[in-house]
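> Okay, so here is coords19.txt, and as you'll see once you scroll down, it has compact mmCIF, C-alpha atoms.
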```
# COMPACT_ATOMS: atom_id res chain seq x y z
CA MET A 52 -37.64 10.86 -17.75
CA ASN A 53 -34.89 10.85 -20.41
CA ALA A 54 -34.09 14.48 -19.67
CA ARG A 55 -33.72 13.64 -15.97
CA ARG A 56 -31.35 10.78 -16.77
CA THR A 57 -29.33 13.04 -19.05
CA VAL A 58 -29.00 15.69 -16.36
CA ARG A 59 -28.03 13.06 -13.79
CA GLY A 60 -25.42 11.61 -16.14
CA LEU A 61 -23.95 15.04 -16.87
CA SER A 62 -23.85 15.83 -13.15
CA LEU A 63 -22.02 12.58 -12.46
CA HIS A 64 -19.50 13.29 -15.20
CA ALA A 65 -18.97 16.80 -13.85
CA VAL A 66 -18.26 15.44 -10.37
CA VAL A 67 -15.80 12.88 -11.79
CA TRP A 68 -13.96 15.55 -13.79
CA LEU A 69 -13.87 17.83 -10.75
CA ILE A 70 -12.33 15.10 -8.59
CA ALA A 71 -9.85 14.29 -11.35
CA ALA A 72 -8.87 17.94 -11.55
CA PHE A 73 -8.22 18.08 -7.80
CA VAL A 74 -5.84 15.13 -8.21
CA ALA A 75 -4.19 15.97 -11.55
CA VAL A 76 -3.68 19.73 -11.24
CA PRO A 77 -1.43 19.64 -8.12
CA LEU A 78 0.56 16.77 -9.63
CA LEU A 79 1.03 18.64 -12.90
CA TYR A 80 2.00 21.78 -10.99
CA ALA A 81 4.65 19.87 -9.04
CA VAL A 82 6.08 18.30 -12.21
CA ILE A 83 6.39 21.65 -14.01
CA SER A 84 7.70 23.44 -10.93
CA GLY A 85 10.45 20.85 -10.64
CA PHE A 86 11.89 22.17 -13.93
CA LYS A 87 12.24 25.71 -12.56
CA SER A 88 14.76 27.43 -10.38
CA THR A 89 13.63 28.57 -6.95
CA ALA A 90 13.84 32.24 -8.01
CA GLU A 91 11.68 31.61 -11.07
CA LEU A 92 9.24 29.55 -9.02
CA THR A 93 8.86 32.51 -6.66
CA ASN A 94 8.41 35.09 -9.43
CA ASN A 95 6.37 32.92 -11.80
CA PRO A 96 4.69 30.20 -9.75
CA PHE A 97 2.02 29.18 -12.29
CA GLY A 98 3.61 29.73 -15.69
CA LEU A 99 5.85 27.50 -17.76
CA PRO A 100 9.61 27.74 -17.12
CA ASP A 101 11.59 30.20 -19.19
CA GLN A 102 14.44 27.69 -19.16
CA TRP A 103 13.66 24.06 -18.36
CA LYS A 104 16.07 23.11 -15.59
CA ILE A 105 16.40 19.39 -16.21
CA GLY A 106 19.30 19.22 -13.77
CA ASN A 107 16.88 19.22 -10.84
CA TYR A 108 15.68 15.78 -11.88
CA THR A 109 18.89 14.33 -13.30
CA GLY A 110 20.85 15.41 -10.23
CA ILE A 111 18.49 13.50 -7.94
CA LEU A 112 18.51 10.46 -10.22
CA GLY A 113 22.29 10.48 -10.06
CA GLU A 114 22.33 10.21 -6.27
CA GLY A 115 22.93 6.73 -4.88
CA MET A 116 20.96 7.50 -1.71
CA PHE A 117 17.76 8.06 -3.72
CA TRP A 118 18.01 4.64 -5.34
CA ARG A 119 18.91 3.04 -2.01
CA GLN A 120 15.72 4.48 -0.52
CA ILE A 121 13.71 3.15 -3.44
CA ALA A 122 15.27 -0.30 -2.98
CA ASN A 123 14.64 -0.21 0.78
CA SER A 124 10.98 0.69 0.27
CA ALA A 125 10.56 -2.01 -2.39
CA GLY A 126 12.23 -4.71 -0.28
CA ILE A 127 10.21 -3.87 2.82
CA ALA A 128 6.99 -3.72 0.80
CA ILE A 129 7.63 -7.14 -0.73
CA GLY A 130 8.54 -8.68 2.64
CA THR A 131 5.49 -7.15 4.30
CA THR A 132 3.19 -8.35 1.53
CA VAL A 133 4.48 -11.93 1.64
CA CYS A 134 4.15 -12.15 5.42
CA THR A 135 0.72 -10.53 5.45
CA VAL A 136 -0.82 -12.55 2.64
CA VAL A 137 0.58 -15.93 3.70
CA ALA A 138 -0.42 -15.57 7.36
CA SER A 139 -3.82 -14.06 6.52
CA ALA A 140 -4.62 -16.69 3.91
CA MET A 141 -4.01 -19.52 6.37
CA ALA A 142 -5.99 -17.81 9.13
CA ALA A 143 -8.84 -16.90 6.78
CA PHE A 144 -8.98 -20.50 5.50
CA VAL A 145 -9.50 -21.84 9.00
CA LEU A 146 -12.01 -19.16 9.92
CA ALA A 147 -13.96 -19.65 6.70
CA ARG A 148 -13.95 -23.42 6.14
CA TYR A 149 -13.88 -24.94 9.63
CA ALA A 150 -16.66 -24.86 12.23
CA PHE A 151 -15.31 -24.93 15.79
CA ARG A 152 -16.19 -23.40 19.12
CA GLY A 153 -14.94 -19.84 19.40
CA ARG A 154 -14.50 -19.30 15.66
CA GLU A 155 -16.57 -16.13 15.56
CA LEU A 156 -14.83 -14.87 18.69
CA PHE A 157 -11.43 -15.22 17.02
CA TYR A 158 -12.77 -13.51 13.91
CA THR A 159 -14.18 -10.67 16.02
CA LEU A 160 -10.80 -10.20 17.69
CA PHE A 161 -9.20 -9.79 14.29
CA THR A 162 -11.83 -7.31 13.15
CA ILE A 163 -11.39 -5.29 16.34
CA GLY A 164 -7.83 -4.71 15.16
CA LEU A 165 -9.27 -2.44 12.45
CA MET A 166 -10.28 0.02 15.16
CA PHE A 167 -6.76 0.61 16.53
CA PRO A 168 -4.37 2.84 14.57
CA PHE A 169 -0.65 2.26 14.65
CA ALA A 170 -0.03 5.37 16.77
CA VAL A 171 -1.77 3.73 19.75
CA ALA A 172 0.93 1.06 20.00
CA VAL A 173 4.01 3.21 19.35
CA LEU A 174 5.56 3.07 22.82
CA PRO A 175 5.09 -0.66 23.58
CA LEU A 176 6.07 -1.54 20.01
CA PHE A 177 9.28 0.49 20.24
CA LEU A 178 10.19 -1.16 23.55
CA MET A 179 9.48 -4.60 22.13
CA LEU A 180 11.57 -3.98 19.01
CA ARG A 181 14.44 -2.69 21.14
CA THR A 182 14.22 -5.76 23.40
CA PHE A 183 14.44 -8.13 20.43
CA GLY A 184 17.20 -6.12 18.74
CA LEU A 185 15.09 -5.20 15.72
CA LEU A 186 15.91 -1.50 15.60
CA ASP A 187 17.82 -0.60 12.43
CA ASN A 188 16.63 -3.93 11.07
CA PRO A 189 14.16 -4.32 8.15
CA LEU A 190 12.29 -6.98 10.14
CA GLY A 191 11.51 -4.27 12.69
CA VAL A 192 9.32 -2.65 10.04
CA ILE A 193 8.15 -5.71 8.11
CA LEU A 194 6.75 -7.68 11.06
CA PRO A 195 4.72 -4.83 12.65
CA GLN A 196 3.39 -3.78 9.25
CA ALA A 197 2.33 -7.34 8.56
CA ALA A 198 0.67 -7.59 11.97
CA PHE A 199 -1.31 -4.39 11.45
CA GLY A 200 -2.26 -5.54 7.95
CA LEU A 201 -3.74 -8.85 9.13
CA PRO A 202 -7.25 -7.63 10.12
CA MET A 203 -8.22 -6.11 6.78
CA THR A 204 -6.60 -8.91 4.79
CA ILE A 205 -8.33 -11.62 6.82
CA VAL A 206 -11.70 -9.90 6.43
CA ILE A 207 -11.32 -9.77 2.63
CA LEU A 208 -9.96 -13.31 2.20
CA ARG A 209 -12.44 -14.92 4.60
CA GLY A 210 -15.34 -13.40 2.68
CA PHE A 211 -13.91 -14.73 -0.59
CA PHE A 212 -13.07 -18.20 0.78
CA ARG A 213 -16.62 -18.61 2.02
CA THR A 214 -17.94 -18.18 -1.52
CA ILE A 215 -16.04 -21.26 -2.70
CA PRO A 216 -18.66 -24.07 -2.90
CA ALA A 217 -18.27 -26.82 -0.30
CA GLU A 218 -18.87 -29.38 -3.06
CA ILE A 219 -15.44 -28.60 -4.52
CA GLU A 220 -13.75 -29.45 -1.24
CA GLU A 221 -15.85 -32.59 -0.84
CA ALA A 222 -14.96 -33.77 -4.34
CA ALA A 223 -11.28 -33.10 -3.67
CA THR A 224 -11.46 -35.06 -0.41
CA MET A 225 -13.07 -38.01 -2.17
CA ASP A 226 -10.17 -37.97 -4.64
CA GLY A 227 -7.72 -38.27 -1.75
CA CYS A 228 -6.83 -34.60 -1.44
CA GLY A 229 -6.00 -33.59 2.13
CA LYS A 230 -6.83 -30.26 3.74
CA PHE A 231 -3.34 -28.88 3.31
CA ARG A 232 -3.16 -29.86 -0.35
CA PHE A 233 -6.66 -28.51 -1.01
CA PHE A 234 -5.62 -25.18 0.48
CA TRP A 235 -2.42 -24.77 -1.54
CA GLN A 236 -3.32 -26.41 -4.84
CA ILE A 237 -7.04 -25.71 -5.24
CA LEU A 238 -8.29 -22.93 -2.97
CA LEU A 239 -5.44 -20.44 -3.42
CA PRO A 240 -5.46 -20.61 -7.26
CA MET A 241 -9.23 -20.07 -7.20
CA ALA A 242 -8.75 -17.08 -4.87
CA ARG A 243 -6.17 -15.44 -7.11
CA PRO A 244 -8.26 -12.25 -7.66
CA ALA A 245 -8.68 -11.75 -3.90
CA LEU A 246 -5.01 -12.51 -3.27
CA GLY A 247 -4.05 -9.96 -5.90
CA THR A 248 -6.26 -7.36 -4.29
CA VAL A 249 -4.88 -7.79 -0.76
CA SER A 250 -1.33 -7.88 -2.14
CA VAL A 251 -1.82 -4.53 -3.85
CA LEU A 252 -3.29 -3.05 -0.66
CA ALA A 253 -0.36 -4.37 1.39
CA VAL A 254 2.25 -2.99 -1.02
CA VAL A 255 0.64 0.45 -1.13
CA ALA A 256 0.25 0.61 2.67
CA SER A 257 3.87 -0.39 3.21
CA TRP A 258 5.23 1.99 0.57
CA ASN A 259 3.37 4.96 2.05
CA ASN A 260 4.25 4.18 5.67
CA PHE A 261 6.29 7.01 7.13
CA PHE A 262 6.03 6.84 10.90
CA LEU A 263 7.21 3.25 11.48
CA PRO A 264 10.42 3.47 9.38
CA LEU A 265 11.14 6.82 11.02
CA LEU A 266 10.77 5.16 14.42
CA VAL A 267 12.83 2.04 13.66
CA PHE A 268 15.65 3.27 11.42
CA ASN A 269 18.36 5.56 12.76
CA ASP A 270 20.95 4.48 10.21
CA PRO A 271 20.46 6.49 6.95
CA LYS A 272 21.27 3.41 4.85
CA TRP A 273 17.89 1.88 5.83
CA GLN A 274 15.77 4.95 5.12
CA THR A 275 12.69 4.40 2.98
CA ILE A 276 11.48 6.85 0.37
CA PRO A 277 8.85 8.64 2.57
CA VAL A 278 11.52 9.25 5.22
CA GLY A 279 13.93 10.28 2.48
CA VAL A 280 11.49 12.92 1.23
CA GLN A 281 11.24 14.36 4.74
CA GLN A 282 15.01 14.36 5.18
CA PHE A 283 15.59 15.91 1.75
CA GLN A 284 13.03 18.61 2.45
CA GLY A 285 14.79 19.46 5.69
CA GLN A 286 18.18 19.57 3.98
CA TYR A 287 17.06 21.74 1.04
CA SER A 288 14.25 23.62 2.73
CA THR A 289 14.93 26.85 0.80
CA ASP A 290 15.26 25.23 -2.64
CA TYR A 291 11.56 24.68 -3.29
CA ALA A 292 11.95 23.66 -6.93
CA LEU A 293 14.49 20.95 -6.06
CA VAL A 294 12.26 19.65 -3.26
CA LEU A 295 9.30 19.44 -5.65
CA ALA A 296 11.45 17.53 -8.15
CA TYR A 297 12.39 15.06 -5.43
CA ILE A 298 8.75 14.62 -4.40
CA VAL A 299 7.72 13.99 -8.01
CA LEU A 300 10.42 11.36 -8.53
CA ALA A 301 9.48 9.73 -5.22
CA MET A 302 5.88 9.43 -6.43
CA VAL A 303 6.74 7.84 -9.78
CA PRO A 304 7.24 4.23 -8.54
CA ALA A 305 3.97 4.28 -6.58
CA LEU A 306 2.04 5.76 -9.50
CA ALA A 307 3.58 3.26 -11.93
CA PHE A 308 2.75 0.35 -9.64
CA TYR A 309 -0.81 1.52 -9.19
CA ALA A 310 -1.24 1.99 -12.95
CA VAL A 311 -0.16 -1.62 -13.51
CA ALA A 312 -2.12 -3.06 -10.57
CA GLU A 313 -5.29 -0.99 -10.92
CA ARG A 314 -7.13 -3.61 -12.98
CA GLN A 315 -6.12 -6.36 -10.55
CA LEU A 316 -7.31 -4.31 -7.57
CA ILE A 317 -10.70 -3.41 -9.07
CA GLY A 318 -11.18 -6.90 -10.52
CA GLY A 319 -10.46 -8.57 -7.20
CA LEU A 320 -12.88 -6.36 -5.31
CA THR A 321 -15.56 -6.89 -7.95
CA ALA A 322 -15.06 -10.67 -7.95
CA GLY A 323 -15.28 -10.80 -4.16
CA ALA A 324 -18.49 -8.79 -4.21
CA THR A 325 -20.28 -10.71 -6.95
CA LYS A 326 -18.97 -14.26 -6.71
CA GLY A 327 -21.46 -16.87 -5.52
```
In C-alpha cells, write the structure found in this file.


Amino acid sequence: MNARRTVRGLSLHAVVWLIAAFVAVPLLYAVISGFKSTAELTNNPFGLPDQWKIGNYTGILGEGMFWRQIANSAGIAIGTTVCTVVASAMAAFVLARYAFRGRELFYTLFTIGLMFPFAVAVLPLFLMLRTFGLLDNPLGVILPQAAFGLPMTIVILRGFFRTIPAEIEEAATMDGCGKFRFFWQILLPMARPALGTVSVLAVVASWNNFFLPLLVFNDPKWQTIPVGVQQFQGQYSTDYALVLAYIVLAMVPALAFYAVAERQLIGGLTAGATKG
C-alpha cells in the first residue's frame, strides 16, 4: 500500500514538473533569444548569446509608445474590473438574498451568457459602438468587456453570498441596518476573498483581450499592449530577436501581477468552495 502511494506521488510530481517545463522552457528561450541578434538567433537558436545584446530590451523600454500601451492596458483593465465587480456584486446580492418570482429565470439568463463567445456579437457590437460614438474611446472597450464579464462574476459572487448565514442579516436588521447598508458595510467586507478572486479574473481577461481593442481603436494612441505586440511584429517581422524581446517585456506586467495576486486568487476560490 505504501509502495503504491509512493509511486502515485512520484507520478504526480513528474506530471507537475512536466507541465512546468512546458511553461518555463519557452519563456526562458524567449528571454535569452531577446539578447541575441537575428543573425545569431538563426545560426545558434538554442545556445547562449556570444554577445549579450542588451540594446534590444533597453531600446524598447526607451520608446514612449510601449509605455503608452502599458498605461492604456492598465487603465482599461482597472475600469473594466470596477464596472464588472460593482455591477455583478449588486446583481448577485439580489439573486442570492432575495426570493422573488422569476429569480432563477434571471439567474439562468446570466449563466446562458457563458455559452456565447465575444466573436458572436462582433458585428452588432461594432454597429452599436459606432452609433453611440464609442469608437476610439476607452469606454468602447471597457463597457463591452464588463458586460461579457458579468456572467462568470455573478455566478462566483452569488455562490459566495449564499453561504453568508441569514442570521447575520437578521441581527443587522434588528440593529437598524437597512438592506443597502448591510450590503456595503457588512456583506462586501465579508466577501472580500471572492471579490479579490473575481477582480483578478477581470484584470487578466481585460489585459489579454486582443480582438476588442483591435476592433474599437483606430488611433494608435489608444492601442493596448496585445495590439501593440501585433503591430510591432508586423513592423519588425524580419528582426526575430527584437520581436521576442518586445514579447517578453509585454509579458512582464501580467506575470508580475499574477505573481502578486496568485495567493488572493487561490484563496478566494478555496474560501468559496469550503465556506459554510

> Could you tell me how far atom CA of Leu238 of chain A sits from atom CA of Ala150 of chain A, in Å to one decimal place?

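A separation of 17.5 Å between them.
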
> Looking at only C-alpha atoms, which of A:Gly113, A:Ile205, A:Gly98, A:Leu185 is the one that sits closest to Val136 of chain A?

A:Ile205

> Any idea what's packed within 9 Å of Met116 of chain A, counting all atoms listed in the file, ignoring anything in its chain fewer than 6 positions away? Could you give it as an NGL selection string?

:A and (271-272 or 274 or 279)

> Do a neighbour search on Ile193 of chain A at 8 Å with all atoms listed in the file, toss out local chain neighbours closer than 5 positions, and write the hits as a list in words.

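Counting all atoms listed in the file, the residues come to Ile127, Ala128, Gly130 and Thr131 of chain A.
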
> So that I can see what lies close to segment 157-159 of chain A, please list as a ChimeraX atom specification the residues with an atom at most 12 Å from it, counting all atoms listed in the file and leaving out residues fewer than 2 positions away in the same chain.

/A:139,142-147,150-155,161-166,201-207,209-210

> Show me, as a VMD selection string, the residues that have an atom within 9 Å of Leu263 of chain A when counting all atoms listed in the file, minus same-chain residues fewer than 3 positions from it.

chain A and resid 169 173 191 to 192 195 to 196 260 266 to 268

> Taking 4 positions as the minimum chain separation for residues in the same chain, which residues sit within 7 Å of segment 296-299 of chain A when counting only C-alpha atoms? Answer as a PDB file with C-alpha atoms, in the coordinates of the input.


```pdb
ATOM      1  CA  ALA A  81       4.650  19.870  -9.040  1.00  0.00           C
ATOM      2  CA  VAL A  82       6.080  18.300 -12.210  1.00  0.00           C
ATOM      3  CA  GLY A  85      10.450  20.850 -10.640  1.00  0.00           C
ATOM      4  CA  ASN A 107      16.880  19.220 -10.840  1.00  0.00           C
ATOM      5  CA  TYR A 108      15.680  15.780 -11.880  1.00  0.00           C
ATOM      6  CA  ILE A 111      18.490  13.500  -7.940  1.00  0.00           C
ATOM      7  CA  VAL A 280      11.490  12.920   1.230  1.00  0.00           C
ATOM      8  CA  ALA A 292      11.950  23.660  -6.930  1.00  0.00           C
ATOM      9  CA  VAL A 303       6.740   7.840  -9.780  1.00  0.00           C
TER      10      VAL A 303
END
```

> What is the distance, in Å and to one decimal place, between atom CA of Ala245 of chain A and atom CA of Ala75 of chain A?

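So the two atoms, atom CA of Ala245 of chain A and atom CA of Ala75 of chain A, lie 29.1 Å apart.
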
> From the set A:Phe212, A:Phe97, A:Trp103, A:Phe183, which residue has the shortest atom-to-atom contact distance to Phe234 of chain A, counting all atoms listed in the file?

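Nearest candidate to Phe234 of chain A out of A:Phe212, A:Phe97, A:Trp103, A:Phe183: A:Phe212.
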
> Which value, in Å to one decimal, gives the distance between atom CA of Glu220 of chain A and atom CA of Ala138 of chain A?

21.1 Å

> Looking at all atoms listed in the file, which of A:Leu186, A:Leu246, A:Ala310, A:Leu78 is the one that sits closest to Asn269 of chain A?

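Smallest distance to Asn269 of chain A is found for A:Leu186.
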
> Given all atoms listed in the file as the basis, pick out the residue of A:Leu293, A:Leu176, A:Ala125, A:Ala312 nearest to Ile83 of chain A.

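For Ile83 of chain A, the nearest of the candidates is A:Leu293.
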
> Determine the nearest neighbour of Phe283 of chain A from the options A:Val133, A:Ala253, A:Leu92, A:Ala301, counting all atoms listed in the file.

A:Ala301

> Using only C-alpha atoms, which of the listed residues (A:Arg148, A:Phe117, A:Gly106, A:Leu194) sits closest to Val278 of chain A?

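For Val278 of chain A, the nearest of the candidates is A:Phe117.
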
> If the box runs along x, y and z of the file and leaves 6 Å on each side of segment 191-205 of chain A, what are its centre and edge lengths in Å, one decimal, as lines of an AutoDock Vina configuration file?


```
center_x = 1.6
center_y = -7.1
center_z = 8.7
size_x = 31.8
size_y = 21.0
size_z = 19.9
```
